[in-house]
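Undergrad: One structure is given below, represented as structure tokens, and several questions about it will come after.
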There are 2 protein chains.
Amino acid sequence: MPPEANGEEGFWPAGFSSGAVDASIRYGRNDLMILLGDVPASTAAVFTTNLCCAAPVIVSRNHLEKTSGRMRAVVCNSGNANAATGEKGMNDARAMAEAVASDFGLKPDEVVVASTGVIGQLLPMEKVIGGISSLPLVLQRESCLDAAGAIMTTDTFPKFFTLDVELSAGKCRLSGIAKGSGMISPDMATMLAFMTTDAKISSDLLKRALEHANRNSFNAITVDGDTSTNDMALVMASGFGLEILPESEDFVLFCDALEALATFLAKLIVIDGEGATKLVGITVEGAASQRDAELAARTIAQSSLVKTAIHGEDANWGRIIAAAGRSGAVFNQEELELHFNGLCILKPSFIADFSEEEAAAIMSEKAYDITLRLGNGPGRATIWTCDLSKEYVEINGSYRS
Amino acid sequence: MPPEANGEEGFWPAGFSSGAVDASIRYGRNDLMILLGDVPASTAAVFTTNLCCAAPVIVSRNHLEKTSGRMRAVVCNSGNANAATGEKGMNDARAMAEAVASDFGLKPDEVVVASTGVIGQLLPMEKVIGGISSLPLVLQRESCLDAAGAIMTTDTFPKFFTLDVELSAGKCRLSGIAKGSGMISPDMATMLAFMTTDAKISSDLLKRALEHANRNSFNAITVDGDTSTNDMALVMASGFGLEILPESEDFVLFCDALEALATFLAKLIVIDGEGATKLVGITVEGAASQRDAELAARTIAQSSLVKTAIHGEDANWGRIIAAAGRSGAVFNQEELELHFNGLCILKPSFIADFSEEEAAAIMSEKAYDITLRLGNGPGRATIWTCDLSKEYVEINGSYRS
């Protein structure tokens, strides 16, 4: 997919620096990075709901609790997920935090640990600790590209974006990096997103902003429906910039900006999904409830039959309504209405007199929207998905190593 | 897949006959069949839970209620699902029942109507009615192969089985036919199963037996997780044979026999799933509850990552436990235990010291079992699934017609 989809720029806000090195964990390129705050930063994070969550997820969640969301650094390796590694894996994740703490003069609890890669293998700790010790030498403030590159697994391009939002008293910067969607390849676990801002905002308020942003971005994408063991979306605020108070207009602006950043990164993840050639927004509206809208949109977005039809550029609307019909959402099938971008595919009472040519033209595009109206309820939700291609089977059907 | 998987024989029990003709609906081979009872037969059926259920499903459910489960015939066409066809589709389904009633001297309410094929197209009623009028000429009692062939869509072989069960007073015969799993190809809807017995059994008792059999057979298979709009599993009892009373030992034997018949047909459906080359039984045991076991087994069985690993013959156990972890089933990941047939892949505390060669040997087989133990609870469930191959994408990613 075209790197043009990336943000033009990838700059950290004031108060952050990053560095990356090749610790020779798996790829023979940078695979270890640190994101460092000059001071303890208000930090909020959401983690995978997978019961088989990885050791770094458990350790990081614990550290965030201990510091009440005041963190100094994120250390992340790619090539090995440190998932399904038992007690040894827990000790290794803690050891990564301790190594960062001693090399950078922090408290271990101030360090967020993240890993992404193969499940069920122990980290090569000598290499990891060695890599961490050389991170201080490569710290820089200018760009987030080094960090974005080091967290990639089978991603085909680094994912980053920077945006400035105009608040009442001036500009506030938000910048973020992300990698790979879901469990996107053999034994590769994880979607990771690390976002930063110079805003002065409490951890609690930041947590509210992140939960708002996450719901309609990272929680609204799917590649193969397989929630990974290592998912983590995190945002750090240095406080070097403007202050954001609860219930303020600025907080609303900040939430929208964080959601825009998260949504941009989330879409990059889908665009770079395994074997993906299309980015399709599945919107369900007119549902009896928000829950119904999400159920139907997610079921359509994850249907293998819908995803193969998207790949085949076939306006196969029967599969879309059939997926909605099994989703658990409640509706009257006679009221269903379906649009591809502006083109009406299906009118109520199953009247489908559309031009196959026009439909094919829309589906031949790299990105388009499918909108299904269930009725006249208030529920509305959008899920971004990609097509299911032979390449997906090729990549995931081939041997691990 | 090898027709050897079929039953050696396909004979109707006493009191049933069948016939099939080519009504030129789509394929240029037999595509319309009737299953006829000599007398009103105790009949029980379960239907798709898809909200977008097809017209014949609605009509048949209604007929079964009106007659309190005393039916004379099943008429079924392939090539067109009569789904998402609105009021016209409802009238067409009723017209099929009326045509059968007048040609065979029955009441329209005594006729079950089924259709399978393309969604969203109106039936060519002239051809269908013409075909029905010639069904009386081809009725025969010997074999169920004609009916099994006529209900196929993209099935690669007819699916049927006959078994005799020894009851207290002698033999009872059960015989059934089935077709295609889930929504198995472009716009093709439906799993259908029509079973018969000579037993003398009430509709209510037969309903209980069917619900028992269905739970562990047709409701325990998946090809692509897409519940179709036309699914129907039905059983008719002519009463020409032995009587089966409630709470009797014979009823237990009958239920087990019906489950065996349904399970055999269900496995044939998975074996013949689109692009499928493997039949894998996913068993989850030691779950806190039956619901947890089913949740975990179904999630593993439907995971694209697990299904591609099965296709790639890769003992990729991380994907299996990751799928269990996101299933909603509750367990402690340290207690997980995984077996492929007899081979232990994973011991508690994530100890995975197995022979990749032995694992590969098992996975190279056409059929094998994967058993995941979650803990020490009573919950246990098995779901049969197949692999996800490029052929699946090829078939479903190509254009409808």
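Going through the structure tokens in order, the chains are called A, B, and so on, while each chain numbers its residues from 1 and the ligands are numbered from 1 in the order shown.
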Determine which residues of region 70-183 of chain B receive a DSSP assignment of helix (DSSP H, G or I), computed from the backbone, and state them as a PyMOL selection string.

TA: chain B and resi 86-104+108-110+125-133+135-138+145-150

Undergrad: Would you list which chain B residues are within 7 Å of chain A using only C-alpha atoms, as a compact mmCIF listing (two decimals) with all heavy atoms, in the first residue's frame?

TA:
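iface-v7.txt written:
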# COMPACT_ATOMS: atom_id res chain seq x y z
N THR B 49 -31.54 -19.56 12.28
CA THR B 49 -31.86 -18.46 13.19
C THR B 49 -31.58 -17.12 12.52
O THR B 49 -31.71 -16.06 13.15
CB THR B 49 -30.98 -18.55 14.46
OG1 THR B 49 -29.61 -18.57 14.06
CG2 THR B 49 -31.31 -19.82 15.25
N ASN B 50 -31.20 -17.16 11.25
CA ASN B 50 -30.88 -15.92 10.54
C ASN B 50 -32.14 -15.07 10.37
O ASN B 50 -33.16 -15.55 9.87
CB ASN B 50 -30.27 -16.25 9.17
CG ASN B 50 -29.59 -15.03 8.56
OD1 ASN B 50 -30.17 -13.95 8.51
ND2 ASN B 50 -28.36 -15.20 8.13
N LEU B 51 -32.06 -13.79 10.80
CA LEU B 51 -33.23 -12.90 10.71
C LEU B 51 -33.67 -12.72 9.26
O LEU B 51 -34.83 -12.46 8.99
CB LEU B 51 -32.90 -11.53 11.30
CG LEU B 51 -33.22 -11.29 12.77
CD1 LEU B 51 -33.06 -9.81 13.07
CD2 LEU B 51 -34.63 -11.74 13.11
N CYS B 52 -32.72 -12.83 8.35
CA CYS B 52 -33.06 -12.72 6.93
C CYS B 52 -33.41 -14.10 6.38
O CYS B 52 -32.88 -14.53 5.36
CB CYS B 52 -31.89 -12.12 6.15
SG CYS B 52 -31.51 -10.43 6.61
N ALA B 84 -34.49 -13.28 0.40
CA ALA B 84 -34.43 -11.84 0.11
C ALA B 84 -35.23 -11.54 -1.15
O ALA B 84 -34.78 -10.84 -2.05
CB ALA B 84 -32.98 -11.37 -0.04
N THR B 85 -36.41 -12.12 -1.22
CA THR B 85 -37.27 -11.98 -2.41
C THR B 85 -38.61 -11.34 -2.07
O THR B 85 -39.51 -11.29 -2.93
CB THR B 85 -37.52 -13.36 -3.04
OG1 THR B 85 -37.88 -14.27 -1.99
CG2 THR B 85 -36.29 -13.87 -3.75
N GLY B 86 -38.78 -10.90 -0.81
CA GLY B 86 -39.98 -10.15 -0.44
C GLY B 86 -41.28 -10.92 -0.59
O GLY B 86 -41.31 -12.16 -0.53
N ILE B 119 -29.09 -16.14 -3.58
CA ILE B 119 -29.93 -15.25 -2.79
C ILE B 119 -30.32 -14.05 -3.63
O ILE B 119 -29.54 -13.58 -4.46
CB ILE B 119 -29.17 -14.74 -1.54
CG1 ILE B 119 -28.88 -15.89 -0.59
CG2 ILE B 119 -29.96 -13.66 -0.81
CD1 ILE B 119 -28.11 -15.46 0.66
N GLY B 120 -31.56 -13.56 -3.43
CA GLY B 120 -31.94 -12.29 -4.02
C GLY B 120 -32.44 -12.37 -5.45
O GLY B 120 -32.51 -11.35 -6.13
N ASP B 187 -23.21 -16.54 -3.21
CA ASP B 187 -24.67 -16.46 -3.18
C ASP B 187 -25.38 -17.77 -2.94
O ASP B 187 -26.59 -17.83 -3.03
CB ASP B 187 -25.20 -15.86 -4.49
CG ASP B 187 -24.95 -14.37 -4.49
OD1 ASP B 187 -25.22 -13.73 -3.47
OD2 ASP B 187 -24.47 -13.87 -5.48
N ASP B 224 -17.37 -21.58 7.34
CA ASP B 224 -16.92 -20.19 7.32
C ASP B 224 -17.67 -19.33 8.35
O ASP B 224 -17.56 -18.12 8.34
CB ASP B 224 -17.09 -19.60 5.92
CG ASP B 224 -18.51 -19.82 5.39
OD1 ASP B 224 -19.42 -20.05 6.21
OD2 ASP B 224 -18.70 -19.78 4.17
N ASP B 226 -20.58 -18.51 8.49
CA ASP B 226 -21.69 -17.72 7.97
C ASP B 226 -22.98 -18.52 7.95
O ASP B 226 -23.22 -19.32 7.05
CB ASP B 226 -21.35 -17.21 6.56
CG ASP B 226 -20.57 -15.91 6.62
OD1 ASP B 226 -21.15 -14.90 7.06
OD2 ASP B 226 -19.38 -15.92 6.28
N THR B 227 -23.81 -18.32 8.99
CA THR B 227 -25.11 -18.99 9.05
C THR B 227 -25.97 -18.56 7.87
O THR B 227 -26.12 -17.37 7.62
CB THR B 227 -25.85 -18.59 10.35
OG1 THR B 227 -24.98 -18.82 11.44
CG2 THR B 227 -27.13 -19.40 10.50
N SER B 228 -26.51 -19.52 7.15
CA SER B 228 -27.22 -19.14 5.93
C SER B 228 -28.65 -18.74 6.21
O SER B 228 -29.15 -18.84 7.33
CB SER B 228 -27.20 -20.29 4.93
OG SER B 228 -28.46 -20.90 4.86
N THR B 229 -29.31 -18.29 5.15
CA THR B 229 -30.69 -17.81 5.26
C THR B 229 -31.70 -18.93 5.08
O THR B 229 -32.90 -18.70 5.23
CB THR B 229 -30.94 -16.76 4.16
OG1 THR B 229 -30.55 -17.35 2.90
CG2 THR B 229 -30.13 -15.51 4.40
N SER B 303 -11.61 -19.45 13.76
CA SER B 303 -10.50 -18.52 13.62
C SER B 303 -9.79 -18.71 12.28
O SER B 303 -9.32 -19.80 11.95
CB SER B 303 -9.48 -18.74 14.75
OG SER B 303 -8.23 -18.18 14.40
N SER B 304 -9.69 -17.64 11.50
CA SER B 304 -9.00 -17.73 10.20
C SER B 304 -7.55 -18.13 10.40
O SER B 304 -6.97 -18.85 9.57
CB SER B 304 -9.06 -16.38 9.48
OG SER B 304 -10.39 -16.05 9.15
N LEU B 305 -6.96 -17.67 11.50
CA LEU B 305 -5.55 -18.00 11.75
C LEU B 305 -5.38 -19.48 12.08
O LEU B 305 -4.42 -20.11 11.66
CB LEU B 305 -5.00 -17.13 12.87
CG LEU B 305 -4.78 -15.67 12.49
CD1 LEU B 305 -4.53 -14.82 13.71
CD2 LEU B 305 -3.63 -15.56 11.51
N THR B 308 -6.05 -21.46 8.74
CA THR B 308 -4.94 -21.41 7.78
C THR B 308 -3.76 -22.23 8.29
O THR B 308 -3.05 -22.86 7.51
CB THR B 308 -4.49 -19.96 7.52
OG1 THR B 308 -4.36 -19.27 8.77
CG2 THR B 308 -5.50 -19.23 6.65
N ALA B 309 -3.58 -22.26 9.62
CA ALA B 309 -2.50 -23.09 10.19
C ALA B 309 -2.80 -24.57 9.94
O ALA B 309 -1.89 -25.35 9.63
CB ALA B 309 -2.34 -22.83 11.67
N HIS B 311 -4.47 -25.67 7.45
CA HIS B 311 -4.20 -25.85 6.02
C HIS B 311 -2.70 -25.98 5.77
O HIS B 311 -2.26 -26.81 4.99
CB HIS B 311 -4.76 -24.67 5.23
CG HIS B 311 -4.60 -24.82 3.75
ND1 HIS B 311 -5.27 -25.81 3.04
CD2 HIS B 311 -3.84 -24.15 2.84
CE1 HIS B 311 -4.94 -25.72 1.76
NE2 HIS B 311 -4.08 -24.73 1.61
N GLY B 312 -1.91 -25.17 6.47
CA GLY B 312 -0.46 -25.18 6.30
C GLY B 312 0.21 -26.32 7.07
O GLY B 312 1.43 -26.45 7.05
N ASP B 314 0.74 -26.68 10.17
CA ASP B 314 1.69 -26.05 11.08
C ASP B 314 1.16 -26.12 12.51
O ASP B 314 0.08 -25.61 12.79
CB ASP B 314 1.86 -24.59 10.64
CG ASP B 314 2.73 -23.80 11.61
OD1 ASP B 314 3.37 -24.41 12.48
OD2 ASP B 314 2.75 -22.56 11.47
N GLY B 318 0.11 -21.32 19.38
CA GLY B 318 -0.15 -19.98 19.91
C GLY B 318 -1.46 -19.42 19.40
O GLY B 318 -2.17 -18.71 20.12
N ARG B 319 -1.80 -19.75 18.14
CA ARG B 319 -3.06 -19.25 17.58
C ARG B 319 -4.27 -19.88 18.25
O ARG B 319 -5.31 -19.24 18.40
CB ARG B 319 -3.12 -19.55 16.09
CG ARG B 319 -2.08 -18.83 15.28
CD ARG B 319 -2.27 -19.17 13.83
NE ARG B 319 -1.24 -18.54 13.02
CZ ARG B 319 -1.18 -18.68 11.71
NH1 ARG B 319 -2.06 -19.44 11.08
NH2 ARG B 319 -0.21 -18.08 11.03
N ALA B 322 -4.66 -18.35 21.70
CA ALA B 322 -5.05 -16.94 21.54
C ALA B 322 -6.54 -16.85 21.19
O ALA B 322 -7.26 -15.98 21.68
CB ALA B 322 -4.21 -16.26 20.48
N ALA B 323 -7.01 -17.78 20.35
CA ALA B 323 -8.44 -17.79 20.00
C ALA B 323 -9.27 -18.13 21.23
O ALA B 323 -10.29 -17.49 21.49
CB ALA B 323 -8.69 -18.81 18.88
N GLY B 325 -8.46 -17.50 24.20
CA GLY B 325 -8.35 -16.36 25.11
C GLY B 325 -9.29 -15.22 24.79
O GLY B 325 -9.66 -14.44 25.66
N ARG B 326 -9.68 -15.11 23.51
CA ARG B 326 -10.60 -14.03 23.13
C ARG B 326 -12.03 -14.52 23.04
O ARG B 326 -12.93 -13.75 22.70
CB ARG B 326 -10.18 -13.42 21.79
CG ARG B 326 -10.41 -14.31 20.58
CD ARG B 326 -10.10 -13.59 19.28
NE ARG B 326 -9.99 -14.53 18.18
CZ ARG B 326 -11.03 -14.90 17.42
NH1 ARG B 326 -12.24 -14.44 17.67
NH2 ARG B 326 -10.84 -15.75 16.43
N GLN B 333 -4.71 -19.05 32.07
CA GLN B 333 -3.87 -19.47 30.94
C GLN B 333 -2.74 -20.41 31.37
O GLN B 333 -2.26 -21.21 30.56
CB GLN B 333 -3.33 -18.26 30.19
CG GLN B 333 -2.48 -17.30 30.99
CD GLN B 333 -1.83 -16.24 30.09
OE1 GLN B 333 -1.29 -16.54 29.03
NE2 GLN B 333 -1.91 -14.99 30.50
N GLU B 334 -2.36 -20.37 32.64
CA GLU B 334 -1.28 -21.25 33.11
C GLU B 334 -1.71 -22.72 33.14
O GLU B 334 -0.88 -23.62 33.19
CB GLU B 334 -0.83 -20.83 34.51
CG GLU B 334 -0.21 -19.43 34.59
CD GLU B 334 1.14 -19.34 33.86
OE1 GLU B 334 1.87 -20.34 33.86
OE2 GLU B 334 1.40 -18.27 33.27
N SER B 349 1.51 -24.35 32.44
CA SER B 349 2.62 -23.40 32.58
C SER B 349 3.37 -23.23 31.25
O SER B 349 4.57 -22.94 31.24
CB SER B 349 3.60 -23.85 33.67
OG SER B 349 2.90 -24.07 34.87
N PHE B 350 2.66 -23.44 30.15
CA PHE B 350 3.22 -23.19 28.82
C PHE B 350 4.48 -23.98 28.53
O PHE B 350 5.44 -23.44 27.97
CB PHE B 350 3.46 -21.69 28.61
CG PHE B 350 2.19 -20.91 28.57
CD1 PHE B 350 1.88 -20.01 29.57
CD2 PHE B 350 1.29 -21.10 27.54
CE1 PHE B 350 0.69 -19.29 29.54
CE2 PHE B 350 0.10 -20.38 27.51
CZ PHE B 350 -0.19 -19.47 28.51
N SER B 389 -8.45 -22.54 2.77
CA SER B 389 -7.48 -22.68 1.69
C SER B 389 -7.63 -21.55 0.67
O SER B 389 -8.62 -20.82 0.68
CB SER B 389 -7.70 -24.01 0.97
OG SER B 389 -8.94 -23.96 0.29
N LYS B 390 -6.64 -21.44 -0.22
CA LYS B 390 -6.74 -20.45 -1.31
C LYS B 390 -7.97 -20.73 -2.18
O LYS B 390 -8.57 -19.82 -2.73
CB LYS B 390 -5.49 -20.49 -2.17
CG LYS B 390 -4.25 -19.95 -1.48
CD LYS B 390 -3.09 -19.97 -2.46
CE LYS B 390 -1.78 -19.69 -1.77
NZ LYS B 390 -0.64 -19.90 -2.67
N VAL B 393 -10.92 -18.79 -1.12
CA VAL B 393 -10.88 -17.40 -1.60
C VAL B 393 -11.15 -17.37 -3.10
O VAL B 393 -11.90 -16.53 -3.59
CB VAL B 393 -9.52 -16.76 -1.29
CG1 VAL B 393 -9.48 -15.33 -1.82
CG2 VAL B 393 -9.26 -16.79 0.21
N ASN B 396 -14.94 -17.97 -3.58
CA ASN B 396 -15.79 -16.89 -3.07
C ASN B 396 -15.37 -15.51 -3.54
O ASN B 396 -16.13 -14.55 -3.40
CB ASN B 396 -15.82 -16.94 -1.53
CG ASN B 396 -16.60 -18.12 -1.05
OD1 ASN B 396 -17.77 -18.27 -1.38
ND2 ASN B 396 -15.95 -18.99 -0.31
N GLY B 397 -14.16 -15.41 -4.07
CA GLY B 397 -13.68 -14.13 -4.57
C GLY B 397 -13.95 -13.95 -6.05
O GLY B 397 -13.70 -12.90 -6.61
N SER B 398 -14.49 -14.99 -6.66
CA SER B 398 -14.80 -14.88 -8.09
C SER B 398 -16.24 -14.39 -8.25
O SER B 398 -17.03 -14.44 -7.31
CB SER B 398 -14.66 -16.25 -8.77
OG SER B 398 -15.54 -17.17 -8.18
N TYR B 399 -16.59 -13.97 -9.44
CA TYR B 399 -17.88 -13.34 -9.63
C TYR B 399 -19.02 -14.36 -9.54
O TYR B 399 -18.86 -15.53 -9.83
CB TYR B 399 -17.94 -12.58 -10.96
CG TYR B 399 -19.05 -11.57 -10.96
CD1 TYR B 399 -18.89 -10.35 -10.29
CD2 TYR B 399 -20.27 -11.87 -11.53
CE1 TYR B 399 -19.93 -9.44 -10.25
CE2 TYR B 399 -21.31 -10.96 -11.49
CZ TYR B 399 -21.14 -9.75 -10.84
OH TYR B 399 -22.18 -8.85 -10.78

Undergrad: Taking into account only C-alpha atoms, which residue in the set A:Gly79, A:Ala381, A:Cys344, A:Gly37 is nearest to Thr197 (chain A)?

TA: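 Under the stated criterion, the closest residue is A:Gly37.
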
Undergrad: Neighbouring residues of Leu261 (chain B) were defined as those with any atom within 8 Å, considering only C-alpha atoms; residues of the same chain fewer than 5 positions away were excluded. Please report them as an NGL selection string.

TA: :B and (161-163 or 174-176)

Undergrad: So that I can check the surroundings of region 16-32 of chain B, please list as a PyMOL selection string every protein, DNA and RNA residue that reaches within 7 Å of it, counting only C-alpha atoms and ignoring chain neighbours fewer than 5 positions away.

TA: chain B and resi 37-38+76-79+124+127-128+131+135+138-141+144+146-147+150-151

Undergrad: Excluding Met236 (chain B) and its own-chain neighbours fewer than 6 positions away, which residues fall within 8 Å of it when counting only C-alpha atoms? Please give them as number ranges by chain.

TA: B: 41-44, 71, 194-197

Undergrad: At what distance in Å, to one decimal, does CA of Ala213 (chain B) lie from CA of Leu167 (chain B)?

TA: 17.8 Å

Undergrad: So that I can see what lies close to Ala359 (chain A), please list as a compact mmCIF listing (two decimals) with N, CA, C and O atoms, in the first residue's frame the residues with an atom at most 9 Å from it, counting only C-alpha atoms and leaving out residues fewer than 2 positions away in the same chain.

TA:
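After the write, out-v1.txt holds the following:
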# COMPACT_ATOMS: atom_id res chain seq x y z
N GLU A 313 -14.45 -7.92 -5.88
CA GLU A 313 -15.13 -6.74 -6.42
C GLU A 313 -16.50 -7.11 -6.97
O GLU A 313 -16.90 -6.70 -8.07
N ASP A 314 -17.22 -7.89 -6.17
CA ASP A 314 -18.52 -8.41 -6.55
C ASP A 314 -19.58 -7.82 -5.62
O ASP A 314 -19.52 -7.99 -4.41
N ALA A 315 -20.56 -7.11 -6.19
CA ALA A 315 -21.60 -6.46 -5.39
C ALA A 315 -22.59 -7.51 -4.86
O ALA A 315 -23.77 -7.52 -5.18
N PHE A 340 -23.50 1.50 -1.46
CA PHE A 340 -22.05 1.49 -1.64
C PHE A 340 -21.70 2.93 -2.02
O PHE A 340 -22.14 3.40 -3.07
N LEU A 343 -24.15 5.01 -4.13
CA LEU A 343 -25.02 4.18 -4.98
C LEU A 343 -25.95 3.29 -4.15
O LEU A 343 -25.50 2.53 -3.29
N ILE A 345 -27.86 0.16 -3.49
CA ILE A 345 -27.81 -1.23 -3.96
C ILE A 345 -29.13 -1.93 -3.69
O ILE A 345 -29.63 -2.71 -4.51
N PHE A 354 -29.99 -1.92 -9.29
CA PHE A 354 -28.83 -1.02 -9.41
C PHE A 354 -28.02 -1.44 -10.63
O PHE A 354 -28.20 -2.54 -11.16
N SER A 355 -27.12 -0.56 -11.04
CA SER A 355 -26.26 -0.87 -12.18
C SER A 355 -25.03 -1.65 -11.69
O SER A 355 -24.22 -1.13 -10.92
N GLU A 356 -24.92 -2.90 -12.14
CA GLU A 356 -23.76 -3.73 -11.75
C GLU A 356 -22.46 -3.01 -12.15
O GLU A 356 -21.45 -3.12 -11.46
N GLU A 357 -22.52 -2.26 -13.24
CA GLU A 357 -21.32 -1.57 -13.72
C GLU A 357 -20.90 -0.50 -12.71
O GLU A 357 -19.74 -0.41 -12.31
N ALA A 361 -17.56 -0.39 -10.44
CA ALA A 361 -16.63 0.76 -10.49
C ALA A 361 -16.27 1.20 -9.07
O ALA A 361 -15.09 1.43 -8.77
N ILE A 362 -17.27 1.27 -8.19
CA ILE A 362 -16.99 1.66 -6.80
C ILE A 362 -16.10 0.62 -6.13
O ILE A 362 -15.10 0.94 -5.49
N MET A 363 -16.42 -0.66 -6.35
CA MET A 363 -15.68 -1.72 -5.66
C MET A 363 -14.27 -1.91 -6.21
O MET A 363 -13.44 -2.57 -5.59
N SER A 364 -14.01 -1.33 -7.38
CA SER A 364 -12.66 -1.43 -7.93
C SER A 364 -11.72 -0.41 -7.26
O SER A 364 -10.51 -0.48 -7.42
